[in-house]
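Undergrad: Contents of start06.pdb (PDB, C-alpha atoms, pLDDT in the B column) are below:
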ATOM      1  CA  MET P 141       7.866  57.896 -60.182  1.00 66.00           C
ATOM      2  CA  GLN P 142       8.022  55.156 -62.763  1.00 80.00           C
ATOM      3  CA  ILE P 143      10.905  52.861 -63.549  1.00 84.00           C
ATOM      4  CA  ASN P 144      12.572  52.993 -66.939  1.00 88.00           C
ATOM      5  CA  GLU P 145      13.284  50.093 -69.319  1.00 91.00           C
ATOM      6  CA  GLU P 146      16.772  49.447 -67.950  1.00 91.00           C
ATOM      7  CA  GLN P 147      15.448  49.289 -64.387  1.00 90.00           C
ATOM      8  CA  SER P 148      12.675  46.971 -65.535  1.00 89.00           C
ATOM      9  CA  ARG P 149      15.267  44.634 -67.079  1.00 91.00           C
ATOM     10  CA  ILE P 150      17.241  44.658 -63.822  1.00 89.00           C
ATOM     11  CA  LEU P 151      14.140  43.752 -61.815  1.00 89.00           C
ATOM     12  CA  THR P 152      12.853  41.032 -64.139  1.00 89.00           C
ATOM     13  CA  ARG P 153      15.991  39.300 -65.374  1.00 90.00           C
ATOM     14  CA  HIS P 154      16.788  35.634 -64.767  1.00 92.00           C
ATOM     15  CA  ILE P 155      18.443  34.808 -61.427  1.00 93.00           C
ATOM     16  CA  THR P 156      21.675  32.910 -61.910  1.00 94.00           C
ATOM     17  CA  GLU P 157      23.142  30.128 -59.829  1.00 94.00           C
ATOM     18  CA  GLN P 158      26.101  32.405 -59.066  1.00 95.00           C
ATOM     19  CA  GLU P 159      23.739  34.991 -57.520  1.00 94.00           C
ATOM     20  CA  VAL P 160      22.118  32.336 -55.335  1.00 95.00           C
ATOM     21  CA  TYR P 161      25.528  31.060 -54.269  1.00 94.00           C
ATOM     22  CA  GLU P 162      26.723  34.604 -53.487  1.00 94.00           C
ATOM     23  CA  ALA P 163      23.566  35.273 -51.451  1.00 93.00           C
ATOM     24  CA  MET P 164      24.186  32.076 -49.506  1.00 92.00           C
ATOM     25  CA  LYS P 165      27.794  33.102 -48.821  1.00 91.00           C
ATOM     26  CA  ARG P 166      26.635  36.490 -47.466  1.00 91.00           C
ATOM     27  CA  ILE P 167      24.565  34.794 -44.746  1.00 90.00           C
ATOM     28  CA  ASN P 168      26.415  34.058 -41.516  1.00 88.00           C
ATOM     29  CA  TYR P 169      26.894  30.311 -41.255  1.00 83.00           C
ATOM     30  CA  LEU P 170      26.059  30.395 -37.525  1.00 82.00           C
ATOM     31  CA  THR P 171      22.570  31.838 -37.940  1.00 78.00           C
ATOM     32  CA  ALA P 172      19.712  30.036 -36.221  1.00 74.00           C
ATOM     33  CA  PRO P 173      18.303  27.097 -38.150  1.00 77.00           C
ATOM     34  CA  GLY P 174      14.918  27.529 -39.736  1.00 74.00           C
ATOM     35  CA  VAL P 175      11.814  25.395 -39.487  1.00 76.00           C
ATOM     36  CA  ASP P 176      13.638  22.694 -41.457  1.00 76.00           C
ATOM     37  CA  GLY P 177      16.223  22.386 -38.656  1.00 80.00           C
ATOM     38  CA  PHE P 178      19.172  23.052 -40.957  1.00 84.00           C
ATOM     39  CA  GLY P 179      21.547  25.940 -40.381  1.00 86.00           C
ATOM     40  CA  MET P 180      23.375  27.826 -43.095  1.00 89.00           C
ATOM     41  CA  LYS P 181      26.537  25.870 -42.264  1.00 90.00           C
ATOM     42  CA  PHE P 182      24.806  22.732 -43.599  1.00 91.00           C
ATOM     43  CA  PHE P 183      23.757  24.416 -46.855  1.00 90.00           C
ATOM     44  CA  LYS P 184      27.238  25.779 -47.476  1.00 91.00           C
ATOM     45  CA  ALA P 185      28.867  22.402 -46.788  1.00 92.00           C
ATOM     46  CA  ALA P 186      26.289  20.435 -48.804  1.00 94.00           C
ATOM     47  CA  TRP P 187      25.991  22.895 -51.721  1.00 94.00           C
ATOM     48  CA  PRO P 188      26.940  20.304 -54.391  1.00 94.00           C
ATOM     49  CA  VAL P 189      24.159  18.027 -53.111  1.00 95.00           C
ATOM     50  CA  VAL P 190      21.402  20.597 -52.396  1.00 94.00           C
ATOM     51  CA  ARG P 191      22.241  23.059 -55.199  1.00 94.00           C
ATOM     52  CA  LYS P 192      19.566  21.840 -57.642  1.00 95.00           C
ATOM     53  CA  ASP P 193      16.776  21.830 -55.054  1.00 93.00           C
ATOM     54  CA  ILE P 194      17.679  25.300 -53.821  1.00 93.00           C
ATOM     55  CA  MET P 195      17.910  26.627 -57.371  1.00 94.00           C
ATOM     56  CA  ASP P 196      14.489  25.127 -58.168  1.00 93.00           C
ATOM     57  CA  ALA P 197      12.939  26.787 -55.103  1.00 92.00           C
ATOM     58  CA  VAL P 198      14.532  30.177 -55.847  1.00 93.00           C
ATOM     59  CA  GLN P 199      13.634  30.045 -59.551  1.00 93.00           C
ATOM     60  CA  TYR P 200      10.065  29.037 -58.665  1.00 92.00           C
ATOM     61  CA  PHE P 201       9.747  32.144 -56.508  1.00 92.00           C
ATOM     62  CA  PHE P 202      11.150  34.545 -59.105  1.00 92.00           C
ATOM     63  CA  ASN P 203       9.308  32.956 -62.057  1.00 91.00           C
ATOM     64  CA  LYS P 204       5.928  32.160 -60.474  1.00 89.00           C
ATOM     65  CA  GLU P 205       5.992  34.951 -57.840  1.00 86.00           C
ATOM     66  CA  ARG P 206       5.026  32.441 -55.164  1.00 85.00           C
ATOM     67  CA  LEU P 207       6.888  30.708 -52.362  1.00 85.00           C
ATOM     68  CA  TYR P 208       6.594  27.047 -51.586  1.00 83.00           C
ATOM     69  CA  LYS P 209       4.656  26.712 -48.323  1.00 82.00           C
ATOM     70  CA  ALA P 210       7.601  24.897 -46.746  1.00 80.00           C
ATOM     71  CA  VAL P 211       9.879  27.876 -47.523  1.00 82.00           C
ATOM     72  CA  ASN P 212       7.386  30.449 -46.271  1.00 82.00           C
ATOM     73  CA  ASN P 213       7.214  29.144 -42.686  1.00 81.00           C
ATOM     74  CA  ILE P 214       8.660  31.112 -39.806  1.00 81.00           C
ATOM     75  CA  ILE P 215       8.799  30.152 -36.154  1.00 81.00           C
ATOM     76  CA  VAL P 216       8.810  32.973 -33.623  1.00 82.00           C
ATOM     77  CA  THR P 217      10.054  31.989 -30.191  1.00 83.00           C
ATOM     78  CA  LEU P 218      11.220  33.714 -27.040  1.00 87.00           C
ATOM     79  CA  ILE P 219      14.863  33.547 -25.954  1.00 87.00           C
ATOM     80  CA  ALA P 220      15.935  34.394 -22.407  1.00 90.00           C
ATOM     81  CA  LYS P 221      17.960  37.609 -22.225  1.00 90.00           C
ATOM     82  CA  PHE P 222      19.825  36.314 -19.182  1.00 88.00           C
ATOM     83  CA  THR P 223      20.190  33.080 -17.221  1.00 89.00           C
ATOM     84  CA  ASP P 224      17.561  33.472 -14.491  1.00 90.00           C
ATOM     85  CA  ALA P 225      14.812  34.964 -16.676  1.00 89.00           C
ATOM     86  CA  CYS P 226      11.376  34.505 -15.119  1.00 89.00           C
ATOM     87  CA  MET P 227       9.173  37.375 -16.358  1.00 90.00           C
ATOM     88  CA  ILE P 228       8.001  37.933 -19.921  1.00 87.00           C
ATOM     89  CA  MET P 229      10.090  41.121 -20.216  1.00 88.00           C
ATOM     90  CA  ASP P 230      13.178  38.974 -19.509  1.00 91.00           C
ATOM     91  CA  PHE P 231      12.745  37.329 -22.907  1.00 90.00           C
ATOM     92  CA  GLY P 232      13.315  38.619 -26.411  1.00 88.00           C
ATOM     93  CA  PRO P 233      11.607  37.338 -29.572  1.00 85.00           C
ATOM     94  CA  ILE P 234      13.601  35.649 -32.307  1.00 81.00           C
ATOM     95  CA  SER P 235      12.239  34.515 -35.642  1.00 78.00           C
ATOM     96  CA  CYS P 236      13.623  31.457 -37.375  1.00 81.00           C
ATOM     97  CA  CYS P 237      12.906  31.467 -41.085  1.00 85.00           C
ATOM     98  CA  THR P 238      14.163  28.952 -43.605  1.00 87.00           C
ATOM     99  CA  ASN P 239      17.542  29.493 -45.213  1.00 88.00           C
ATOM    100  CA  VAL P 240      16.013  29.466 -48.686  1.00 90.00           C
ATOM    101  CA  TYR P 241      13.814  32.367 -47.531  1.00 90.00           C
ATOM    102  CA  LYS P 242      16.964  34.172 -46.332  1.00 90.00           C
ATOM    103  CA  MET P 243      18.696  33.578 -49.674  1.00 92.00           C
ATOM    104  CA  ILE P 244      15.709  34.915 -51.627  1.00 93.00           C
ATOM    105  CA  SER P 245      15.657  37.976 -49.349  1.00 91.00           C
ATOM    106  CA  LYS P 246      19.366  38.618 -49.962  1.00 93.00           C
ATOM    107  CA  ILE P 247      18.891  38.319 -53.729  1.00 94.00           C
ATOM    108  CA  MET P 248      15.908  40.678 -53.664  1.00 92.00           C
ATOM    109  CA  ASP P 249      17.839  43.146 -51.515  1.00 89.00           C
ATOM    110  CA  ARG P 250      20.720  43.180 -53.983  1.00 90.00           C
ATOM    111  CA  ILE P 251      18.447  43.621 -57.001  1.00 91.00           C
ATOM    112  CA  LEU P 252      16.211  46.283 -55.439  1.00 88.00           C
ATOM    113  CA  SER P 253      19.169  48.306 -54.158  1.00 83.00           C
ATOM    114  CA  LYS P 254      20.110  48.981 -57.799  1.00 85.00           C
ATOM    115  CA  VAL P 255      16.744  50.603 -58.496  1.00 85.00           C
ATOM    116  CA  LEU P 256      15.403  52.070 -55.244  1.00 80.00           C
ATOM    117  CA  CYS P 257      17.862  54.975 -55.088  1.00 75.00           C
ATOM    118  CA  SER P 258      16.496  56.416 -58.310  1.00 78.00           C
ATOM    119  CA  ILE P 259      12.787  55.999 -57.527  1.00 78.00           C
ATOM    120  CA  ILE P 260      12.667  57.048 -53.865  1.00 73.00           C
ATOM    121  CA  HIS P 261      12.664  60.795 -53.323  1.00 69.00           C
ATOM    122  CA  MET P 262      15.574  62.290 -51.354  1.00 65.00           C
ATOM    123  CA  SER P 263      13.147  63.439 -48.648  1.00 65.00           C
ATOM    124  CA  GLN P 264      12.569  59.787 -47.794  1.00 66.00           C
ATOM    125  CA  ALA P 265      15.036  58.181 -45.427  1.00 61.00           C
ATOM    126  CA  ALA P 266      14.304  54.476 -45.530  1.00 62.00           C
ATOM    127  CA  PHE P 267      15.932  52.140 -48.056  1.00 60.00           C
ATOM    128  CA  VAL P 268      18.234  54.763 -49.560  1.00 63.00           C
ATOM    129  CA  PRO P 269      21.995  54.364 -49.106  1.00 65.00           C
ATOM    130  CA  GLY P 270      23.432  57.415 -47.408  1.00 67.00           C
ATOM    131  CA  GLN P 271      20.071  58.387 -45.907  1.00 65.00           C
ATOM    132  CA  HIS P 272      19.395  57.577 -42.284  1.00 67.00           C
ATOM    133  CA  LEU P 273      15.975  57.407 -40.670  1.00 67.00           C
ATOM    134  CA  HIS P 274      17.337  58.821 -37.413  1.00 70.00           C
ATOM    135  CA  ASP P 275      18.253  62.082 -39.247  1.00 71.00           C
ATOM    136  CA  HIS P 276      14.559  62.709 -39.799  1.00 68.00           C
ATOM    137  CA  VAL P 277      13.724  61.736 -36.219  1.00 75.00           C
ATOM    138  CA  MET P 278      16.300  64.262 -34.977  1.00 75.00           C
ATOM    139  CA  LEU P 279      14.872  66.951 -37.277  1.00 73.00           C
ATOM    140  CA  ALA P 280      11.371  66.332 -35.900  1.00 76.00           C
ATOM    141  CA  TYR P 281      12.742  66.449 -32.335  1.00 76.00           C
ATOM    142  CA  GLU P 282      14.448  69.797 -32.971  1.00 75.00           C
ATOM    143  CA  LEU P 283      11.270  71.228 -34.514  1.00 73.00           C
ATOM    144  CA  ILE P 284       9.152  70.087 -31.568  1.00 76.00           C
ATOM    145  CA  ARG P 285      11.664  71.499 -29.051  1.00 74.00           C
ATOM    146  CA  GLY P 286      11.316  74.919 -30.672  1.00 71.00           C
ATOM    147  CA  TYR P 287       7.543  74.942 -30.252  1.00 72.00           C
ATOM    148  CA  SER P 288       7.740  75.968 -26.618  1.00 69.00           C
ATOM    149  CA  THR P 289       9.532  79.241 -27.437  1.00 73.00           C
ATOM    150  CA  LYS P 290       7.492  82.203 -26.152  1.00 74.00           C
ATOM    151  CA  GLY P 291       6.498  84.971 -28.543  1.00 74.00           C
ATOM    152  CA  GLU P 292       6.749  82.879 -31.719  1.00 74.00           C
ATOM    153  CA  ALA P 293       3.999  82.778 -34.338  1.00 74.00           C
ATOM    154  CA  PRO P 294       1.502  79.901 -34.005  1.00 72.00           C
ATOM    155  CA  ARG P 295       2.682  76.753 -35.769  1.00 71.00           C
ATOM    156  CA  CYS P 296       1.630  73.193 -36.301  1.00 73.00           C
ATOM    157  CA  MET P 297       3.214  69.902 -37.364  1.00 70.00           C
ATOM    158  CA  LEU P 298       1.591  67.241 -39.486  1.00 72.00           C
ATOM    159  CA  LEU P 299       2.698  63.612 -39.573  1.00 68.00           C
ATOM    160  CA  VAL P 300       1.781  61.895 -42.811  1.00 68.00           C
ATOM    161  CA  ASP P 301       2.457  58.170 -42.902  1.00 61.00           C
ATOM    162  CA  LEU P 302       1.693  56.683 -46.279  1.00 53.00           C
TER     163      LEU P 302
END
Just dump the structure as structure tokens.
TA:
Amino acid sequence: MQINEEQSRILTRHITEQEVYEAMKRINYLTAPGVDGFGMKFFKAAWPVVRKDIMDAVQYFFNKERLYKAVNNIIVTLIAKFTDACMIMDFGPISCCTNVYKMISKIMDRILSKVLCSIIHMSQAAFVPGQHLHDHVMLAYELIRGYSTKGEAPRCMLLVDL
């Protein structure tokens, strides 16, 4: 399916400072700091000081379709699930990406959500409000459960992952 002119305008329009600020406000201020060491609480408190730099980084991404290398760094580390963790399965991975990366992701999420519903077919479950991936998992489970019924006609299932 192709997007129409209105959807194209939505996807390619200029990102405003208000949108960046709103994206920043939607991020929990207690999230883990990124590679830069700053948490979202810092960015919210220092917005008047860091506003121009953040806007430049966000605009650079949306205009040039590239991320600054410093923004596109993520640290993946292991966090203990409980106090006396000693085996690898006692740890869970956590990724710490920069807050500018998080803001860009929030902005993209908001913009794409306006278009995805009309270009993703109803048979698809991911990324569509009101559709749930687990509904399709449950349908597959019910179909597979019925395969063991004696006396039924031969059947087959095909998983297509595009």
Undergrad: Name all residues at most 9 Å from segment 192-202 of chain P (count all atoms listed in the file; drop same-chain ones fewer than 5 positions away) and give them as a VMD selection string.
TA: chain P and resid 152 154 to 157 160 187 207 to 208 211 240 to 241 243 to 244
Undergrad: Have a look at atom CA of Ala172 of chain P and atom CA of Phe222 of chain P and let me know their distance in Å, one decimal.
TA: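 Atom-to-atom, atom CA of Ala172 of chain P and atom CA of Phe222 of chain P are spaced 18.2 Å apart.
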Undergrad: Given only C-alpha atoms as the basis, pick out the residue of P:Ile219, P:Met297, P:Met227, P:Met248 nearest to Ile150 of chain P.
TA: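 Smallest distance to Ile150 of chain P is found for P:Met248.
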Undergrad: Would you mind reading off the distance between atom CA of Phe231 of chain P and atom CA of Gly179 of chain P, one decimal, in Å?
TA: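 According to the coordinates, atom CA of Phe231 of chain P and atom CA of Gly179 of chain P are separated by 22.6 Å.
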Undergrad: Of the residues P:Ala225, P:Ile259, P:Ile247, P:Leu298, which is the one nearest to Arg166 of chain P, using all atoms listed in the file?
TA: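 Closest candidate: P:Ile247.
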Undergrad: Which one is closest to Ser235 of chain P: P:Thr289, P:Thr171, P:Ser148, P:Ser258? Count all atoms listed in the file.
TA: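 Residue with the minimum atom-to-atom distance to Ser235 of chain P: P:Thr171.
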Undergrad: Which residues are near Lys246 of chain P? Cut-off 12 Å, all atoms listed in the file, ignore same chain within fewer than 4 positions. Put them as a list of chain:residue names.
TA: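 Listing them by chain and then by number gives P:Glu159, P:Val160, P:Tyr161, P:Glu162, P:Ala163, P:Met164, P:Lys165, P:Arg166, P:Ile167, P:Asn168, P:Val198, P:Asn239, P:Val240, P:Tyr241, P:Lys242, P:Arg250, P:Ile251, P:Leu252, P:Ser253.
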Undergrad: To one decimal place in Å, what is the distance between atom CA of Gly232 of chain P and atom CA of Lys181 of chain P?
TA: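 We find that atom CA of Gly232 of chain P and atom CA of Lys181 of chain P lie 24.3 Å from each other.
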Undergrad: Between P:Leu151, P:Leu170, P:Leu218, P:Cys237, which residue has the minimum interatomic distance to Asn203 of chain P, considering all atoms listed in the file?
TA: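 Result for the nearest residue to Asn203 of chain P: P:Leu151.
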Undergrad: Compute the distance from (13.2, 36.8, -38.0) to each atom, counting only C-alpha atoms, keep the residues with any atom at most 9 Å away, and return them as an mmCIF file with C-alpha atoms, in the frame of the given file; use the coordinates of the file.
TA:
data_model
loop_
_atom_site.group_PDB
_atom_site.id
_atom_site.type_symbol
_atom_site.label_atom_id
_atom_site.label_comp_id
_atom_site.auth_asym_id
_atom_site.auth_seq_id
_atom_site.Cartn_x
_atom_site.Cartn_y
_atom_site.Cartn_z
ATOM 1 C CA ILE P 214 8.660 31.112 -39.806
ATOM 2 C CA ILE P 215 8.799 30.152 -36.154
ATOM 3 C CA VAL P 216 8.810 32.973 -33.623
ATOM 4 C CA PRO P 233 11.607 37.338 -29.572
ATOM 5 C CA ILE P 234 13.601 35.649 -32.307
ATOM 6 C CA SER P 235 12.239 34.515 -35.642
ATOM 7 C CA CYS P 236 13.623 31.457 -37.375
ATOM 8 C CA CYS P 237 12.906 31.467 -41.085
#
Undergrad: Take every atom of segment 275-284 of chain P listed in the file, pad by 6 Å on each side, and give me the axis-aligned box centre and edge lengths in Å, one decimal, as JSON.
TA:
{"center_x": 13.7, "center_y": 66.5, "center_z": -35.7, "size_x": 21.1, "size_y": 21.5, "size_z": 20.2}
Undergrad: Pick out the closest residue to Gln158 of chain P from this set: P:Asp249, P:Arg191, P:Thr238, P:Cys296. Count only C-alpha atoms.
TA: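 So, comparing all the options, the nearest one is P:Arg191.
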Undergrad: When you count all atoms listed in the file, which of these residues is closest to Gln147 of chain P: P:Val255, P:Ala220, P:Met278, P:Ile260?
TA: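 Once distances to Gln147 of chain P are computed over all atoms listed in the file, the minimum belongs to P:Val255.
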